[in-house]
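Written out below as structure tokens is the structure these notes cover.
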Protein chains: 2
Amino acid sequence: MAKHEKISEAVVRRLPIYLRYLSYLQQVEVTTVSSQQMGKNLDVNPAQIRKDLAAFGDFGKKGIGYDVDYLVEKIREILKLTDEIRVALVGAGHLGHAISNYNAYLKDNMRIAAIFDNNQEKQGKKVAGIPIQPLSELEETIVNKQIKLAIITVPAPAAQSVCDQLTQAGIRGILNFAPTTIRAGKDVRIHYADVTSNLQSLAYYLT
Amino acid sequence: MAKHEKISEAVVRRLPIYLRYLSYLQQVEVTTVSSQQMGKNLDVNPAQIRKDLAAFGDFGKKGIGYDVDYLVEKIREILKLTDEIRVALVGAGHLGHAISNYNAYLKDNMRIAAIFDNNQEKQGKKVAGIPIQPLSELEETIVNKQIKLAIITVPAPAAQSVCDQLTQAGIRGILNFAPTTIRAGKDVRIHYADVTSNLQSLAYYLT
DNA sequence: TAGATTGTTAATCGATTAACAATC
DNA sequence: TAGATTGTTAATCGATTAACAATC
């Protein structure tokens, strides 16, 4: 923030990795860390870490390293995790259930605030305490609850339509588990997390 | 294969995306496709697609484009999807269950061939027809069943230990859903798919 | 033939790494 | 002070894109 360079997607993908390690250091009550130590533990070049962080401000002390608490605070600011971010989940199948129950991102100010599914039998039922709503209520709910991000766990053929409805409702970041490419305007960020593509590219490296 | 350039990870990550689109074209009985058409649908630069494919051989016809069936076959060869690839899943929690039941990669010659979990109550029970085994049987099973890839869906604190056991058993590709960095030798490929990091980096782009 | 599209080279762009002065 | 480590510049490396001859 202190500086105004263009931040590449690669940097933004590393920041949560740094944050995770730093949170771990807080747990084990380590108060200071060097880029070298971080790099060794995360398999990232130390110069890379210093450069990534320096793009947002001078967070370290020469000769000393980084204060863990301070750096955690700063990275959380950069990633906008200071206020709670509410997330919508679309698709209450096996995967949707698993993600809803998965408590890992209840930490760090992220919370699934609404779940949608068009299967009539599911509607009204609760997952992890959150009622499943029909997609007809998607836009209103997203606006009212100030939901900012969405996770798509519907089958591939439905993914594009869901994406359209989400962006229509103002969502600007989507994590897509459906095994299909979806398209949206340039102001919408889409990350892919589908298992098939991931496994297939791993297969390439076999022998 | 026809050529012997170093293939970057970026290319290998795009090949499954191409394959998925080409499979779709097969379904709708389109027999020929140009790099332009592919690029438009997948949000990839057409020159990029041509360069990616040309690194493995001359698959296209000037003035015509690519034969869909032929290109599918070639990409499957490149990704080593011609023979069945067996996958182990470690961690039979919600997420493990969801992935096991998810049939998407039963297609394309991928199959979950074994499931491991150290929870005694789960052992012997079946998920999607596959019995849950204790981790003590991991190495033997992986060797016997010629399992080549693994998916980690255990809690973060257990992930590194599981990774060590997997690599010890000969696994060379791991898809890690646990929200932690894991380390292995350079001959082991690790892809990350954890929800938390993905959502956190999306948060950066919010206004 | 004329139009289309590949494969490939060259140009551009961006990301990573090495090196080191500044300084705690 | 001496040792350590940052922030930053310059060098390197790699990936993307534009352009076009070859050719179907």
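Going through the structure tokens in order, the chains are called A, B, and so on, while each chain numbers its residues from 1 and the ligands are numbered from 1 in the order shown.
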
Only residues of chain B matter here; which ones have an atom within 12 Å of chain D, counting only C-alpha atoms (C1' of nucleotides)? Give them as number ranges by chain.
B: 6-11, 44-52, 60-66

Only residues of chain A matter here; which ones have an atom within 8 Å of chain B, counting only C-alpha atoms? Give them as a VMD selection string.
chain A and resid 12 to 13 15 to 17 20 42 to 43 78 to 81 85 94 to 95 97 to 99 101 to 102 104 to 105 148 to 149 172 to 175 179 to 181 183 189 191 193 195 to 206

For CA of Asp69 in chain A and CA of Arg111 in chain A, determine how far apart the two atoms are, in Å to one decimal place.
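According to the coordinates, CA of Asp69 in chain A and CA of Arg111 in chain A are separated by 22.9 Å.
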
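Atom to atom, CA of Lys125 in chain A and CA of Lys125 in chain B stand 26.7 Å apart.
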